[in-house]
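Structure first, commentary second.
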Amino acid sequence: MPLDALESLCESAIRSAGGSPETAAALASATVAAERRGRREVGAAHLLDYLAALRYGRLNGVARPRVASARAAVVTVDADCGTAQLAFDHALGDLVERARASGVAVLAMCNSFSAGELGHYASRVADKGLIALACANSPALMAVYGARVAITGTNPLSCALPHPSGPRMFDQATSATAWVTVRDAAMRGETIPDGWALDADGNPTSDARAALSGALLPFGGVKGANIALMVEMLAAVAGGSFSQDAAPFDSGTRSPRLVLQPCLV
C-alpha cells in the first residue's frame, strides 16, 4: 500500500475508534513515519494497540494537551491521558524556540499513552537543526539485572543529529528485544532466542507464550539494566508513574500516565 494511502487509512481508523481529527492526524503521521523507517513493530501493527485503547477508554481520544514554560529552558506538557504524539506536536515549537534562545532546552511530558517509536520525536527535533536525546518509560515489562520479575519498562533511548540527507538517528529499547516482538512470536507459535525473557517463575525461557507471563531481559545484562533505571528515575522526576505503578497499555481502562523527555542541544 502506498504510504499516503496508509496514512489516510490510519486516520480514518483512529477517528472511527474515538480519536479527534487532531489526534488522528498526529498518530497516523507517526505511524507512517515508523513504517517508512522500517520499524514495523511500532508502525501500523502497533496502531491496533492504540485503537483498542481508544475503544476501552485507557487512551483519551479527545485530549487537550496543556503546555507550560515556568523556566527559560524547560517546557512541560500534560498530555491529558492522550497520545504522546499529539502532546509533542503542541510543545515542539516552544521547545525549539527556547533551545535556540538558551542553547539547550528540556521537555518533560507527562500523563501520556505509550510513546510508540521514540525515534519519531528525536527525528522531528533534528529536522529543526538541533541535536536531540529522548527517553521514555513504559509499564513494567522488563526484569533489571538479577531480578526475576518485571521492574521497569523497556525504557527506550533515542538520539538524532541533523544531516543534509535527513536526520542520523538511533532508537533502541533497553530490553534485548521489543515486547511486541515477543507477543507476535507467541501469536505465531514460534520460539524466541535464549536471553530474551523469563517465564512467570523467573526462569529463562525460549517459549514466547511463557515469556508474556514473565518478563523481558535487558540487553547487555547489568549495562542495559542501568540505562533502564536511569530512564526510570528521569521519568519519575518529570512527574510520571514508575513503571510498576503504570497501568498496562494493552488491557484495562486506566491510562498508563507515562513520561517522554526530549533534551535538545
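Numbering starts fresh at 1 for the residues of each chain in the C-alpha cells, the chains themselves are lettered A, B, ... in the order given, and ligands are numbered from 1 as they appear.
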Practice problem: Give the strand (DSSP E or B) residues of range 122-195 of chain A, as DSSP finds them on the backbone, and put them as a list in words. | Solution: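 Everything in range 122-195 of chain A that counts as strand (DSSP E or B) is Ala132, Leu133, Ala134, Cys135, Ala136, Met142, Thr152, Leu157, Ser158, Cys159, Ala160, Leu161, Arg168, Met169, Phe170, Asp171, Gln172, Ser175 and Thr191 of chain A.
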With 8 Å as the cut-off and only C-alpha atoms counted, what is the closest atom pair between each nearby residue of range 131-162 of chain A and range 241-254 of chain A? Distances in Å to one decimal, ordered by chain and number, as CSV.
```
residue,atom,partner,partner_atom,distance
A:Asn137,CA,A:Ser243,CA,6.7
A:Ser138,CA,A:Ser243,CA,5.7
A:Pro139,CA,A:Ser243,CA,4.5
A:Ala140,CA,A:Ser243,CA,4.6
A:Ala150,CA,A:Gln244,CA,7.9
A:Ile151,CA,A:Gln244,CA,6.1
A:Thr152,CA,A:Ser243,CA,5.1
A:Gly153,CA,A:Ser243,CA,5.6
```
Quiz prompt | Residue nearest Val96 in chain A among A:Arg66, A:Lys128, A:Arg148, A:Arg257 (counting only C-alpha atoms) | solution =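 Once distances to Val96 in chain A are computed over only C-alpha atoms, the minimum belongs to A:Lys128.
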Exercise. Pick out the residues sitting within 8 Å of range 161-176 of chain A, and hand them over as an MDAnalysis selection string; count only C-alpha atoms, and ignore anything fewer than 2 positions along from it in its own chain.
Key: chainID A and resid 117:119 122:123 126:132 142 154:159 178 195:196 216:220 224:225 227:228
Produce a file of the selected residues containing C-alpha atoms, as a PDB file, in the first residue's frame.
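For reference, out18.pdb as written:
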```pdb
ATOM      1  CA  GLU A 117       8.501   4.848  18.060  1.00  0.00           C
ATOM      2  CA  LEU A 118      10.752   7.035  20.208  1.00  0.00           C
ATOM      3  CA  GLY A 119      12.890   7.973  17.202  1.00  0.00           C
ATOM      4  CA  ALA A 122      14.158  12.818  18.194  1.00  0.00           C
ATOM      5  CA  SER A 123      13.962  12.971  14.389  1.00  0.00           C
ATOM      6  CA  ALA A 126      16.759  17.047  14.343  1.00  0.00           C
ATOM      7  CA  ASP A 127      14.687  18.207  11.364  1.00  0.00           C
ATOM      8  CA  LYS A 128      14.775  21.630  13.054  1.00  0.00           C
ATOM      9  CA  GLY A 129      18.577  21.639  13.017  1.00  0.00           C
ATOM     10  CA  LEU A 130      19.067  20.623  16.641  1.00  0.00           C
ATOM     11  CA  ILE A 131      20.635  17.609  18.334  1.00  0.00           C
ATOM     12  CA  ALA A 132      18.102  15.575  20.321  1.00  0.00           C
ATOM     13  CA  MET A 142      11.480  -5.958  31.980  1.00  0.00           C
ATOM     14  CA  THR A 154      11.601  -1.383  28.130  1.00  0.00           C
ATOM     15  CA  ASN A 155      12.538   2.300  28.668  1.00  0.00           C
ATOM     16  CA  PRO A 156      13.978   3.235  25.264  1.00  0.00           C
ATOM     17  CA  LEU A 157      16.570   5.870  24.403  1.00  0.00           C
ATOM     18  CA  SER A 158      16.928   7.731  21.107  1.00  0.00           C
ATOM     19  CA  CYS A 159      19.446  10.226  19.735  1.00  0.00           C
ATOM     20  CA  ALA A 178      10.682  -5.333  21.977  1.00  0.00           C
ATOM     21  CA  GLY A 195      18.476 -14.427  26.677  1.00  0.00           C
ATOM     22  CA  TRP A 196      15.338 -12.562  25.673  1.00  0.00           C
ATOM     23  CA  LEU A 216      11.835  -9.394  29.224  1.00  0.00           C
ATOM     24  CA  LEU A 217      15.560  -9.272  29.925  1.00  0.00           C
ATOM     25  CA  PRO A 218      17.817  -6.227  29.453  1.00  0.00           C
ATOM     26  CA  PHE A 219      20.417  -6.168  26.694  1.00  0.00           C
ATOM     27  CA  GLY A 220      23.974  -6.465  27.949  1.00  0.00           C
ATOM     28  CA  GLY A 224      21.179  -2.370  29.837  1.00  0.00           C
ATOM     29  CA  ALA A 225      19.519  -2.568  33.247  1.00  0.00           C
ATOM     30  CA  ILE A 227      20.222   2.540  31.432  1.00  0.00           C
ATOM     31  CA  ALA A 228      16.642   1.413  32.096  1.00  0.00           C
TER      32      ALA A 228
END
```
Exercise. Please provide the set of residues having any atom within 9 Å of Val222 in chain A, restricted to only C-alpha atoms, with same-chain residues fewer than 6 positions apart removed, written as a count of residues only.
Key: 3
Practice problem: Within 12 Å of Met109 in chain A, counting only C-alpha atoms, which residues show up once you throw out same-chain ones fewer than 3 positions away? Write them as a ChimeraX atom specification, please. | Solution: /A:65-69,74-92,95,106,112-115,121,134-137,234-241,257-263
Practice problem: Please measure the separation of CA of Gly189 in chain A and CA of Arg39 in chain A, giving the value in Å to one decimal. | Solution: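 Between CA of Gly189 in chain A and CA of Arg39 in chain A the gap works out to 22.0 Å.
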Self-check item: DSSP-assigned helix (DSSP H, G or I) among range 21-240 of chain A, expressed as a PyMOL selection string
Solution: chain A and resi 21-36+40-42+44-56+84-102+119-126+179-187+208-212+222-237
